[in-house]
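**Student:** Sharing my_file_9.tsv (TSV, C-alpha atoms and all ligand atoms) below.
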```
chain	number	residue	atom	x	y	z
F	9	MET	CA	96.91	-1.80	99.15
F	10	LEU	CA	95.97	0.49	102.04
F	11	ASP	CA	97.07	-2.04	104.65
F	12	ARG	CA	100.63	-1.74	103.37
F	13	LEU	CA	100.83	1.94	104.40
F	14	GLU	CA	102.94	2.87	107.40
F	15	PRO	CA	101.41	5.41	109.80
F	16	GLN	CA	103.29	8.75	109.68
F	17	SER	CA	104.08	10.68	112.82
F	18	PRO	CA	101.74	13.66	113.08
F	19	ASP	CA	103.17	17.14	112.61
F	20	ALA	CA	104.46	18.02	116.07
F	21	LEU	CA	103.32	21.65	115.88
F	22	LEU	CA	99.79	20.69	114.86
F	23	ALA	CA	99.68	18.35	117.86
F	24	LEU	CA	100.84	21.27	120.04
F	25	ILE	CA	97.99	23.47	118.74
F	26	LYS	CA	95.49	20.84	119.91
F	27	LEU	CA	97.10	20.58	123.35
F	28	HIS	CA	97.09	24.35	123.72
F	29	ALA	CA	93.42	24.59	122.65
F	30	ALA	CA	92.46	21.98	125.25
F	31	ASP	CA	94.30	23.79	128.11
F	32	GLU	CA	91.75	25.68	130.20
F	33	ARG	CA	94.20	27.98	132.03
F	34	SER	CA	93.35	31.58	131.16
F	35	ASP	CA	96.99	32.70	131.31
F	36	LYS	CA	98.35	30.02	128.96
F	37	ILE	CA	100.87	31.23	126.37
F	38	ASP	CA	101.19	29.87	122.83
F	39	LEU	CA	104.72	30.23	121.44
F	40	GLY	CA	104.38	27.27	119.09
F	41	VAL	CA	102.45	28.18	115.97
F	42	GLY	CA	104.45	30.13	113.38
F	43	VAL	CA	102.15	33.06	112.75
F	44	TYR	CA	102.52	36.72	113.69
F	45	ARG	CA	100.38	37.97	116.57
F	46	THR	CA	99.55	41.53	117.60
F	47	LYS	CA	99.99	42.81	121.16
F	48	ASP	CA	96.43	41.53	121.75
F	49	GLY	CA	97.33	38.05	120.51
F	50	ASP	CA	95.47	38.29	117.17
F	51	THR	CA	96.55	37.37	113.64
F	52	PRO	CA	94.38	39.86	111.75
F	53	VAL	CA	93.77	40.28	108.04
F	54	PHE	CA	95.89	43.26	106.90
F	55	ARG	CA	93.98	46.52	106.28
F	56	ALA	CA	95.43	46.72	102.77
F	57	ILE	CA	94.37	43.13	102.04
F	58	LYS	CA	90.80	43.87	103.17
F	59	ALA	CA	90.69	46.89	100.85
F	60	ALA	CA	92.21	44.92	97.97
F	61	GLU	CA	89.76	42.07	98.48
F	62	ARG	CA	86.79	44.48	98.34
F	63	ARG	CA	88.09	45.81	95.03
F	64	LEU	CA	88.61	42.31	93.66
F	65	VAL	CA	85.04	41.31	94.47
F	66	GLU	CA	83.83	44.35	92.51
F	67	LYS	CA	86.19	44.04	89.58
F	68	GLN	CA	86.67	40.35	88.95
F	69	SER	CA	84.62	39.31	85.96
F	70	SER	CA	85.77	35.71	85.54
F	71	LYS	CA	87.32	32.86	87.46
F	72	SER	CA	88.38	31.02	84.33
F	73	TYR	CA	91.80	29.27	84.38
F	74	LEU	CA	94.95	31.42	84.32
F	75	GLY	CA	97.60	28.76	83.61
F	76	PRO	CA	100.39	26.99	85.56
F	77	GLU	CA	102.36	30.23	85.94
F	78	GLY	CA	99.46	31.88	87.79
F	79	ASP	CA	99.09	35.65	88.03
F	80	MET	CA	102.10	37.12	86.21
F	81	GLY	CA	101.01	40.64	87.19
F	82	PHE	CA	101.58	39.60	90.80
F	83	VAL	CA	104.91	37.94	89.96
F	84	HIS	CA	106.25	41.06	88.26
F	85	ALA	CA	104.79	43.58	90.74
F	86	LEU	CA	106.69	41.89	93.56
F	87	MET	CA	110.06	42.00	91.80
F	88	PRO	CA	111.14	45.55	92.75
F	89	TYR	CA	110.64	44.67	96.43
F	90	VAL	CA	112.66	41.46	96.15
F	91	PHE	CA	115.41	42.55	93.77
F	92	GLY	CA	115.45	46.36	94.20
F	93	ASP	CA	114.32	49.15	91.91
F	94	ASP	CA	117.60	49.40	90.12
F	95	ALA	CA	118.36	45.70	89.82
F	96	VAL	CA	120.63	45.11	86.86
F	97	TYR	CA	119.80	41.43	86.50
F	98	GLY	CA	116.66	42.69	84.68
F	99	GLU	CA	116.17	40.49	81.67
F	100	ARG	CA	117.84	37.50	83.26
F	101	ILE	CA	115.15	36.90	85.89
F	102	GLU	CA	111.72	35.42	85.38
F	103	GLY	CA	109.30	33.90	87.83
F	104	MET	CA	106.01	32.18	88.34
F	105	GLN	CA	103.38	32.11	91.04
F	106	THR	CA	103.39	29.13	93.40
F	107	PRO	CA	101.14	27.85	96.20
F	108	GLY	CA	102.98	29.60	99.03
F	109	GLY	CA	106.69	29.54	99.73
F	110	THR	CA	106.37	25.79	100.20
F	111	GLY	CA	105.34	25.38	96.56
F	112	ALA	CA	108.24	27.61	95.52
F	113	VAL	CA	110.81	25.57	97.47
F	114	ARG	CA	109.39	22.35	96.06
F	115	LEU	CA	109.51	23.65	92.51
F	116	ALA	CA	113.05	24.97	92.98
F	117	VAL	CA	114.32	21.61	94.18
F	118	ALA	CA	112.46	19.75	91.41
F	119	LEU	CA	113.95	22.06	88.76
F	120	ALA	CA	117.43	21.63	90.24
F	121	GLN	CA	116.95	17.87	90.03
F	122	ARG	CA	116.01	18.16	86.33
F	123	GLY	CA	119.17	20.22	85.87
F	124	GLY	CA	121.33	17.40	87.24
F	125	VAL	CA	121.68	18.49	90.88
F	126	GLU	CA	122.06	15.38	93.03
F	127	ALA	CA	122.36	16.81	96.54
F	128	VAL	CA	121.32	19.95	98.41
F	129	HIS	CA	123.35	21.40	101.28
F	130	LEU	CA	121.16	22.55	104.14
F	131	GLY	CA	122.30	24.43	107.26
F	132	ILE	CA	120.71	22.89	110.32
F	133	PRO	CA	118.61	23.40	112.24
F	134	SER	CA	116.26	24.52	109.50
F	135	TRP	CA	112.54	24.75	108.84
F	136	PRO	CA	111.65	21.03	109.19
F	137	ASN	CA	109.76	21.02	105.89
F	138	HIS	CA	112.99	21.74	103.96
F	139	ALA	CA	114.33	18.26	104.70
F	140	GLN	CA	110.90	16.71	104.13
F	141	ILE	CA	110.54	18.33	100.71
F	142	LEU	CA	114.05	17.25	99.70
F	143	ALA	CA	113.39	13.66	100.81
F	144	ASP	CA	110.01	13.53	99.09
F	145	ILE	CA	111.50	14.67	95.79
F	146	GLY	CA	114.27	12.10	96.12
F	147	MET	CA	117.03	14.67	96.55
F	148	GLU	CA	119.93	13.86	98.86
F	149	THR	CA	120.31	16.29	101.78
F	150	ARG	CA	123.80	17.15	103.11
F	151	THR	CA	123.79	19.13	106.30
F	152	PHE	CA	126.13	21.68	107.84
F	153	SER	CA	125.90	23.68	111.04
F	154	HIS	CA	123.98	26.95	110.68
F	155	ALA	CA	124.70	28.51	114.05
F	156	ARG	CA	127.14	28.42	116.94
F	157	ASP	CA	126.26	28.07	120.61
F	158	ASP	CA	126.91	31.77	121.23
F	159	GLY	CA	123.90	32.70	119.07
F	160	THR	CA	125.84	33.79	115.98
F	161	ALA	CA	125.96	32.25	112.51
F	162	ASP	CA	128.54	29.57	111.75
F	163	ILE	CA	130.03	31.47	108.81
F	164	GLU	CA	133.06	29.19	108.50
F	165	ALA	CA	130.82	26.14	108.04
F	166	VAL	CA	128.85	27.65	105.17
F	167	LEU	CA	131.98	29.02	103.46
F	168	GLU	CA	133.64	25.62	103.65
F	169	VAL	CA	130.62	23.89	102.08
F	170	ILE	CA	130.51	26.44	99.25
F	171	ALA	CA	134.26	26.12	98.61
F	172	LYS	CA	134.10	22.34	98.31
F	173	ALA	CA	130.77	21.84	96.52
F	174	THR	CA	130.51	20.87	92.84
F	175	ALA	CA	128.14	21.70	89.99
F	176	LYS	CA	126.07	18.66	90.94
F	177	GLU	CA	125.16	20.26	94.24
F	178	ALA	CA	122.92	23.11	95.38
F	179	ILE	CA	122.86	25.05	98.64
F	180	LEU	CA	119.65	26.22	100.30
F	181	LEU	CA	120.02	29.46	102.28
F	182	HIS	CA	117.49	31.49	104.28
F	183	ALA	CA	117.35	35.10	103.06
F	184	CYS	CA	116.39	36.55	106.46
F	185	CYS	CA	114.63	35.80	109.76
F	186	HIS	CA	116.09	32.30	109.86
F	187	ASN	CA	113.56	29.69	110.89
F	188	PRO	CA	113.98	28.40	113.61
F	189	THR	CA	117.04	30.20	115.06
F	190	GLY	CA	116.42	33.87	114.14
F	191	ILE	CA	120.18	33.96	113.44
F	192	ASP	CA	120.88	35.67	110.12
F	193	TYR	CA	124.18	36.26	108.38
F	194	THR	CA	125.41	39.84	108.87
F	195	ASN	CA	125.95	42.01	105.78
F	196	ASP	CA	129.71	41.32	105.96
F	197	GLU	CA	129.03	37.61	106.15
F	198	TRP	CA	126.69	37.82	103.14
F	199	ASP	CA	129.47	39.61	101.23
F	200	ARG	CA	131.78	36.71	102.01
F	201	ILE	CA	129.11	34.16	101.06
F	202	ALA	CA	128.43	35.95	97.77
F	203	ASP	CA	132.18	36.04	96.98
F	204	ALA	CA	132.53	32.36	97.80
F	205	LEU	CA	129.51	31.53	95.61
F	206	SER	CA	131.04	33.48	92.72
F	207	ARG	CA	134.04	31.13	92.86
F	208	SER	CA	131.99	27.95	93.29
F	209	GLU	CA	129.86	25.91	90.91
F	210	VAL	CA	127.27	25.13	93.59
F	211	PHE	CA	123.76	26.31	92.67
F	212	PRO	CA	122.26	28.81	95.18
F	213	ILE	CA	118.60	28.48	96.19
F	214	ILE	CA	117.54	31.25	98.55
F	215	ASP	CA	114.35	30.92	100.57
F	216	SER	CA	112.85	34.30	101.43
F	217	ALA	CA	109.77	33.75	103.58
F	218	TYR	CA	109.87	36.77	105.93
F	219	GLN	CA	111.03	39.87	104.04
F	220	GLY	CA	110.33	42.97	106.11
F	221	LEU	CA	109.90	41.19	109.42
F	222	GLY	CA	113.58	41.33	110.41
F	223	ARG	CA	115.43	44.65	109.93
F	224	GLY	CA	113.43	46.26	107.09
F	225	MET	CA	112.23	45.46	103.56
F	226	GLU	CA	115.51	46.56	101.95
F	227	GLU	CA	117.76	45.32	104.75
F	228	ASP	CA	116.21	41.85	104.67
F	229	ALA	CA	116.93	41.59	100.94
F	230	TYR	CA	120.61	42.53	101.29
F	231	GLY	CA	121.95	38.99	101.25
F	232	LEU	CA	119.98	37.67	98.31
F	233	ARG	CA	120.75	40.78	96.23
F	234	ARG	CA	124.50	40.50	96.95
F	235	VAL	CA	124.41	36.86	95.90
F	236	LEU	CA	122.57	37.70	92.67
F	237	ASP	CA	125.15	40.43	91.98
F	238	LYS	CA	127.92	37.86	92.13
F	239	VAL	CA	126.61	34.63	90.60
F	240	GLU	CA	125.42	33.67	87.14
F	241	GLU	CA	122.48	31.49	88.13
F	242	ALA	CA	120.26	31.22	91.21
F	243	MET	CA	116.70	30.67	92.37
F	244	ILE	CA	114.68	32.62	94.91
F	245	ALA	CA	111.73	30.92	96.59
F	246	TYR	CA	109.48	33.66	97.98
F	247	SER	CA	106.55	33.60	100.37
F	248	CYS	CA	104.02	36.43	100.84
F	249	ASP	CA	102.20	34.46	103.51
F	250	LYS	CA	103.88	36.19	106.46
F	251	ASN	CA	104.53	39.70	105.16
F	252	PHE	CA	100.98	40.02	103.79
F	253	GLY	CA	99.37	37.85	106.50
F	254	MET	CA	97.97	35.53	103.83
F	255	TYR	CA	98.91	32.19	105.40
F	256	ARG	CA	95.93	30.08	104.35
F	257	ASP	CA	95.58	31.73	100.97
F	258	ARG	CA	98.96	30.30	99.91
F	259	VAL	CA	100.77	33.15	98.14
F	260	GLY	CA	104.27	32.59	96.83
F	261	ALA	CA	106.55	32.87	93.81
F	262	LEU	CA	109.64	31.20	92.43
F	263	TYR	CA	112.17	33.38	90.59
F	264	VAL	CA	114.98	32.03	88.47
F	265	MET	CA	118.03	34.02	87.43
F	266	ALA	CA	119.69	32.54	84.32
F	267	LYS	CA	123.10	33.26	82.80
F	268	GLU	CA	121.42	34.69	79.71
F	269	SER	CA	117.89	35.83	79.06
F	270	ALA	CA	117.66	33.44	76.08
F	271	GLN	CA	117.66	30.51	78.53
F	272	LEU	CA	114.55	31.68	80.34
F	273	ASP	CA	112.03	30.23	77.86
F	274	THR	CA	113.41	26.75	78.46
F	275	VAL	CA	113.53	27.35	82.22
F	276	MET	CA	109.91	28.50	82.25
F	277	SER	CA	108.74	25.61	80.09
F	278	ASN	CA	110.27	23.21	82.61
F	279	LEU	CA	108.71	25.05	85.55
F	280	ASN	CA	105.35	25.00	83.78
F	281	ALA	CA	105.61	21.26	83.20
F	282	LEU	CA	106.57	20.61	86.85
F	283	ALA	CA	103.77	22.82	88.19
F	284	ARG	CA	101.25	21.22	85.82
F	285	ALA	CA	102.10	17.76	87.14
F	286	SER	CA	102.03	18.92	90.79
F	287	TRP	CA	99.16	21.34	91.36
F	288	SER	CA	98.34	22.34	87.79
F	289	MET	CA	97.76	25.96	88.78
F	290	PRO	CA	98.25	27.96	91.96
F	291	PRO	CA	95.24	29.37	93.85
F	292	ASP	CA	94.37	32.80	92.51
F	293	HIS	CA	92.74	34.89	95.20
F	294	GLY	CA	95.65	35.72	97.51
F	295	ALA	CA	98.09	36.60	94.75
F	296	ALA	CA	95.43	38.75	93.05
F	297	ALA	CA	94.93	40.67	96.33
F	298	VAL	CA	98.70	41.18	96.68
F	299	ARG	CA	98.88	42.40	93.05
F	300	GLU	CA	96.06	44.83	93.76
F	301	ILE	CA	98.04	46.26	96.70
F	302	LEU	CA	101.34	46.46	94.85
F	303	SER	CA	99.80	48.25	91.89
F	304	ASP	CA	98.26	50.97	94.07
F	305	PRO	CA	100.66	53.43	95.79
F	306	GLU	CA	98.24	54.17	98.66
F	307	LEU	CA	97.60	50.52	99.45
F	308	SER	CA	101.32	49.75	99.13
F	309	LYS	CA	102.11	52.48	101.63
F	310	ASP	CA	99.56	51.13	104.09
F	311	TRP	CA	100.88	47.59	103.63
F	312	LEU	CA	104.46	48.71	104.32
F	313	ALA	CA	103.27	50.59	107.42
F	314	GLU	CA	101.66	47.43	108.73
F	315	VAL	CA	104.80	45.38	108.07
F	316	GLU	CA	106.74	48.04	109.99
F	317	GLU	CA	104.32	47.79	112.94
F	318	MET	CA	104.89	44.02	113.02
F	319	ARG	CA	108.65	44.41	112.82
F	320	GLU	CA	108.72	47.05	115.57
F	321	ARG	CA	106.60	44.92	117.84
F	322	MET	CA	108.90	41.95	117.45
F	323	ARG	CA	111.95	44.16	118.03
F	324	GLU	CA	110.30	45.46	121.22
F	325	VAL	CA	109.66	41.93	122.52
F	326	ARG	CA	113.20	40.92	121.60
F	327	GLY	CA	114.52	43.99	123.42
F	328	ILE	CA	112.68	43.07	126.64
F	329	LEU	CA	113.96	39.49	126.47
F	330	ALA	CA	117.53	40.64	125.78
F	331	ASP	CA	117.37	43.11	128.69
F	332	ALA	CA	116.43	40.23	130.98
F	333	GLY	CA	119.94	38.89	130.19
F	334	GLU	CA	120.82	35.86	132.26
F	335	VAL	CA	117.75	33.96	133.38
F	336	GLY	CA	118.73	30.87	135.32
F	337	SER	CA	121.22	29.04	133.13
F	338	LEU	CA	119.91	30.79	129.99
F	339	ASP	CA	121.36	33.90	128.40
F	340	LEU	CA	118.58	35.78	126.61
F	341	ALA	CA	120.86	38.64	125.46
F	342	PRO	CA	121.50	37.17	121.95
F	343	LEU	CA	117.75	37.23	121.19
F	344	GLY	CA	118.01	40.99	120.85
F	345	GLU	CA	120.34	40.57	117.86
F	346	GLN	CA	118.28	37.86	116.20
F	347	ASN	CA	115.56	38.52	113.65
F	348	GLY	CA	111.99	37.65	112.83
F	349	LEU	CA	109.40	35.48	114.48
F	350	PHE	CA	111.64	32.78	115.87
F	351	SER	CA	114.50	32.03	118.22
F	352	VAL	CA	115.65	28.79	119.81
F	353	LEU	CA	116.18	28.47	123.55
F	354	PRO	CA	118.61	25.75	124.64
F	355	LEU	CA	116.09	23.95	126.83
F	356	ASP	CA	115.91	20.17	127.22
F	357	LYS	CA	112.80	18.04	126.78
F	358	ASP	CA	112.04	18.00	130.52
F	359	GLN	CA	112.28	21.77	130.82
F	360	ILE	CA	109.96	22.22	127.80
F	361	ALA	CA	107.50	19.71	129.30
F	362	ARG	CA	107.57	21.53	132.65
F	363	LEU	CA	106.92	24.89	131.00
F	364	ARG	CA	103.81	23.31	129.51
F	365	SER	CA	102.51	21.37	132.49
F	366	GLU	CA	103.44	23.79	135.30
F	367	HIS	CA	103.20	27.15	133.55
F	368	GLY	CA	100.86	26.64	130.56
F	369	ILE	CA	103.59	27.76	128.12
F	370	TYR	CA	103.60	25.93	124.79
F	371	MET	CA	106.65	25.80	122.53
F	372	ALA	CA	108.04	23.41	119.93
F	373	GLY	CA	110.04	20.42	121.17
F	374	SER	CA	113.14	21.94	119.54
F	375	GLY	CA	113.00	24.88	121.97
F	376	ARG	CA	111.83	27.20	119.20
F	377	ILE	CA	109.71	30.09	120.42
F	378	ASN	CA	107.55	32.45	118.39
F	379	VAL	CA	108.44	35.82	119.91
F	380	ALA	CA	105.18	37.29	118.55
F	381	GLY	CA	103.34	35.09	121.06
F	382	LEU	CA	104.76	37.33	123.81
F	383	THR	CA	103.12	40.59	124.88
F	384	ARG	CA	103.70	43.17	127.60
F	385	GLY	CA	100.95	41.32	129.45
F	386	ASN	CA	102.58	37.88	129.49
F	387	ILE	CA	106.31	38.43	129.03
F	388	ASP	CA	107.07	38.73	132.75
F	389	LYS	CA	105.30	35.46	133.41
F	390	PHE	CA	107.35	33.87	130.60
F	391	ILE	CA	110.68	35.13	131.95
F	392	GLY	CA	109.69	34.01	135.47
F	393	ALA	CA	108.79	30.54	134.18
F	394	LEU	CA	112.13	30.28	132.36
F	395	ALA	CA	113.92	31.22	135.58
F	396	ASP	CA	111.97	28.45	137.33
F	397	VAL	CA	112.69	25.60	134.89
F	398	ALA	CA	116.25	26.66	133.96
F	399	SER	CA	117.44	27.35	137.51
F	401	LIG	N1	110.40	28.77	104.12
F	401	LIG	C1	110.54	28.97	105.43
F	401	LIG	C2	111.92	29.15	106.01
F	401	LIG	C3	109.42	29.04	106.25
F	401	LIG	O1	109.56	29.24	107.56
F	401	LIG	C4	108.13	28.88	105.68
F	401	LIG	C5	106.89	28.96	106.50
F	401	LIG	N2	106.87	28.33	107.69
F	401	LIG	C6	108.04	28.67	104.30
F	401	LIG	C7	109.20	28.62	103.56
F	401	LIG	C8	106.75	28.44	103.59
F	401	LIG	O2	105.79	29.37	103.74
F	401	LIG	P1	104.35	29.23	103.11
F	401	LIG	O3	103.39	29.21	104.25
F	401	LIG	O4	104.21	30.40	102.23
F	401	LIG	O5	104.30	27.94	102.34
```
For this file, write the structure as structure tokens.

**Tutor:**
Amino acid sequence: MLDRLEPQSPDALLALIKLHAADERSDKIDLGVGVYRTKDGDTPVFRAIKAAERRLVEKQSSKSYLGPEGDMGFVHALMPYVFGDDAVYGERIEGMQTPGGTGAVRLAVALAQRGGVEAVHLGIPSWPNHAQILADIGMETRTFSHARDDGTADIEAVLEVIAKATAKEAILLHACCHNPTGIDYTNDEWDRIADALSRSEVFPIIDSAYQGLGRGMEEDAYGLRRVLDKVEEAMIAYSCDKNFGMYRDRVGALYVMAKESAQLDTVMSNLNALARASWSMPPDHGAAAVREILSDPELSKDWLAEVEEMRERMREVRGILADAGEVGSLDLAPLGEQNGLFSVLPLDKDQIARLRSEHGIYMAGSGRINVAGLTRGNIDKFIGALADVAS
């Protein structure tokens, strides 16, 4: 049997990590991997997580099974941050814990498939795993353009898709900090999207993997809340892996908003069955630590302060890049308006290869850069290298 398997191409970013690790230049710059870094280049464990973990070690009396839905205390404690304190959807939303945002996206697509959805509309470029998950589940992907060349969102493209789509289709939207472009819909654009969705039968799935890292915790939830205000049904796939720095601990949740609360038992029984057949139960530790933080006002405050530090640092880096303006043939000004960890530079393969070989600067083959890989210490070198290859 094994000899019938086709080799799969390795994940390009993982290959980049290896190349970067093997590079002996002391001034090399890693803009590839999608994790936050401090001004010193670290990806530390949050203070609030450390404190929560200490408490968990003391308090936890059993590691017996919890069930496919995971830690429901965590799922519910997160809801005010996602949906707002005064959310009126109240009884119509339920959720379950998932292994990261990836598990949540996978579960959302699998549930949509059970509900008769045959194709998912995806704005491209997108996080590469979106298309991979859709293909693996056997869901057809239909693509539309997410952004225009001038660094703004292609609002007409998304509105057209929503207007034409049927009840057998879903649309997958990024809540904030779009990966890879950093180009988010403005509040006005979200209003238009929410209105269009209210007139369409297409099922909205919103992927929120970076809340708090763009404009603010509340600001980054604007779009998804407006959509939920306007539609009858939707799903939110949520990741805590970036905004709690929990990457390897795999902390996520899937929320479903139904037309009526009476439907939620059936929804949850389907989600339970899908989770049971996929991973049985999500890993406990990370979600328990997040629950510990969210149920303690002091720890919550410290967590939010740390998210703010991250956001401010990324805004500072974006500001410096935007101020550099035109660098060779590149215009860096739009990066100042973009959000989150990522932006895409319109560089070709040769330019990206030269940045690596001649300047020790590593970025994804798509031209995506992680702005958190830049610091006051290396940003001038980066801008100089761009001027060199894009001249
Ligand atoms: N959605 C998007 C848009 C992402 O960028 C990511 C992380 N790269 C995820 C979901 C999944 O995150 P997690 O690590 O929690 O699985």

**Student:** Determine, counting all atoms listed in the file, which protein, DNA and RNA residues have an atom within 12 Å of an atom of F:Arg207; residues of the same chain fewer than 6 positions away are not included. Present the result as number ranges by chain.

**Tutor:** F: 167, 170-175, 200-201, 235, 238-240

**Student:** Quick one: residues within 9 Å of ligand LIG 401 (chain F), with only C-alpha atoms and all ligand atoms, as a CSV table (one decimal) with C-alpha atoms, in the coordinates of the input?

**Tutor:**
```
chain,number,residue,atom,x,y,z
F,42,GLY,CA,104.4,30.1,113.4
F,43,VAL,CA,102.2,33.1,112.8
F,106,THR,CA,103.4,29.1,93.4
F,107,PRO,CA,101.1,27.8,96.2
F,108,GLY,CA,103.0,29.6,99.0
F,109,GLY,CA,106.7,29.5,99.7
F,110,THR,CA,106.4,25.8,100.2
F,111,GLY,CA,105.3,25.4,96.6
F,112,ALA,CA,108.2,27.6,95.5
F,113,VAL,CA,110.8,25.6,97.5
F,134,SER,CA,116.3,24.5,109.5
F,135,TRP,CA,112.5,24.8,108.8
F,136,PRO,CA,111.6,21.0,109.2
F,137,ASN,CA,109.8,21.0,105.9
F,138,HIS,CA,113.0,21.7,104.0
F,181,LEU,CA,120.0,29.5,102.3
F,182,HIS,CA,117.5,31.5,104.3
F,183,ALA,CA,117.4,35.1,103.1
F,184,CYS,CA,116.4,36.6,106.5
F,185,CYS,CA,114.6,35.8,109.8
F,186,HIS,CA,116.1,32.3,109.9
F,187,ASN,CA,113.6,29.7,110.9
F,188,PRO,CA,114.0,28.4,113.6
F,215,ASP,CA,114.4,30.9,100.6
F,216,SER,CA,112.8,34.3,101.4
F,217,ALA,CA,109.8,33.8,103.6
F,218,TYR,CA,109.9,36.8,105.9
F,245,ALA,CA,111.7,30.9,96.6
F,246,TYR,CA,109.5,33.7,98.0
F,247,SER,CA,106.6,33.6,100.4
F,248,CYS,CA,104.0,36.4,100.8
F,249,ASP,CA,102.2,34.5,103.5
F,250,LYS,CA,103.9,36.2,106.5
F,254,MET,CA,98.0,35.5,103.8
F,255,TYR,CA,98.9,32.2,105.4
F,256,ARG,CA,95.9,30.1,104.4
F,257,ASP,CA,95.6,31.7,101.0
F,258,ARG,CA,99.0,30.3,99.9
F,259,VAL,CA,100.8,33.2,98.1
F,260,GLY,CA,104.3,32.6,96.8
```

**Student:** If you measure from atom CA of F:Ala204 to atom CA of F:Gly92, what distance in Å do you get, rounded to one decimal?

**Tutor:**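 Here the two named atoms are 22.4 Å from each other.
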
**Student:** Name the residues in contact with F:Ala118 at a cut-off of 9 Å, using all atoms listed in the file, excluding same-chain residues fewer than 5 positions from it; report them as JSON, numbers by chain.

**Tutor:** {"F": [113, 123, 142, 145, 147, 279, 282]}

**Student:** Quote the spacing between atom CA of F:Gln121 and atom CA of F:Ser208 in Å to one decimal place.

**Tutor:**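 Atom CA of F:Ser208 lies at a distance of 18.4 Å from atom CA of F:Gln121.
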
**Student:** Taking (113.1, 40.2, 116.3) in the file's coordinates as the center, which residues reach within 10 Å of it, counting only C-alpha atoms, put as a PyMOL selection string?

**Tutor:** chain F and resi 185+190-191+221-223+318-327+343-351+378-380

**Student:** Which residues, protein or nucleic acid, reach to within 9 Å of (99.4, 42.9, 121.6) in the file's coordinates when using all atoms listed in the file, and can you give that as a ChimeraX atom specification?

**Tutor:** /F:45-50,321,380-385

**Student:** Quick check, in Å to one decimal: how far apart do atom CA of F:Tyr193 and atom CA of F:Ile244 lie?

**Tutor:**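 Distance reported for this atom pair: 16.9 Å.
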
**Student:** Give me, as a PDB file with C-alpha atoms, in the coordinates of the input, all polymer residues having an atom no more than 10 Å from stretch 357-366 of chain F, counting all atoms listed in the file and skipping those fewer than 3 positions away in the same chain.

**Tutor:**
```pdb
ATOM      1  CA  LEU F  27      97.100  20.580 123.350  1.00  0.00           C
ATOM      2  CA  HIS F  28      97.090  24.350 123.720  1.00  0.00           C
ATOM      3  CA  ASP F  31      94.300  23.790 128.110  1.00  0.00           C
ATOM      4  CA  LYS F  36      98.350  30.020 128.960  1.00  0.00           C
ATOM      5  CA  ILE F  37     100.870  31.230 126.370  1.00  0.00           C
ATOM      6  CA  ASP F  38     101.190  29.870 122.830  1.00  0.00           C
ATOM      7  CA  LEU F 353     116.180  28.470 123.550  1.00  0.00           C
ATOM      8  CA  PRO F 354     118.610  25.750 124.640  1.00  0.00           C
ATOM      9  CA  ILE F 369     103.590  27.760 128.120  1.00  0.00           C
ATOM     10  CA  TYR F 370     103.600  25.930 124.790  1.00  0.00           C
ATOM     11  CA  MET F 371     106.650  25.800 122.530  1.00  0.00           C
ATOM     12  CA  ALA F 372     108.040  23.410 119.930  1.00  0.00           C
ATOM     13  CA  GLY F 373     110.040  20.420 121.170  1.00  0.00           C
ATOM     14  CA  SER F 374     113.140  21.940 119.540  1.00  0.00           C
ATOM     15  CA  GLY F 375     113.000  24.880 121.970  1.00  0.00           C
ATOM     16  CA  PHE F 390     107.350  33.870 130.600  1.00  0.00           C
ATOM     17  CA  ALA F 393     108.790  30.540 134.180  1.00  0.00           C
ATOM     18  CA  LEU F 394     112.130  30.280 132.360  1.00  0.00           C
ATOM     19  CA  ASP F 396     111.970  28.450 137.330  1.00  0.00           C
ATOM     20  CA  VAL F 397     112.690  25.600 134.890  1.00  0.00           C
ATOM     21  CA  ALA F 398     116.250  26.660 133.960  1.00  0.00           C
TER      22      ALA F 398
END
```

**Student:** So, with only C-alpha atoms as the atoms that count, which of F:Pro342, F:Gly146, F:Gly336, F:Gly131 lies closest to F:Glu164?

**Tutor:**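 Closest to F:Glu164 of all the choices is F:Gly131.
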
**Student:** Which residue out of F:Val117, F:Ala143, F:Ala161, F:Val264 has the minimum interatomic distance to F:Ala178 when all atoms listed in the file are used?

**Tutor:**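 Comparing F:Val117, F:Ala143, F:Ala161, F:Val264 against F:Ala178, the winner is F:Val117.
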
**Student:** Write out as a list in words each polymer residue whose atoms come within 9 Å of F:Ala120, counting all atoms listed in the file; drop sequence neighbours fewer than 4 positions from it.

**Tutor:**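 The neighbour list is Leu115, Ala116, Gly124, Val125, Glu126, Glu177, Ala178 and Phe211 of chain F.
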
**Student:** Starting from the block above, write stretch 233-244 of chain F out to a file with C-alpha atoms, as a tab-separated table (two decimals), in the first residue's frame, please.

**Tutor:**
```tsv
chain	number	residue	atom	x	y	z
F	233	ARG	CA	-20.61	41.69	15.06
F	234	ARG	CA	-22.24	43.70	12.25
F	235	VAL	CA	-22.68	40.52	10.23
F	236	LEU	CA	-24.24	38.71	13.20
F	237	ASP	CA	-26.59	41.68	13.70
F	238	LYS	CA	-27.87	41.27	10.17
F	239	VAL	CA	-28.00	37.55	9.38
F	240	GLU	CA	-29.96	34.65	10.81
F	241	GLU	CA	-27.21	32.04	10.80
F	242	ALA	CA	-23.41	32.15	10.82
F	243	MET	CA	-20.31	30.49	12.22
F	244	ILE	CA	-17.27	32.07	13.84
```
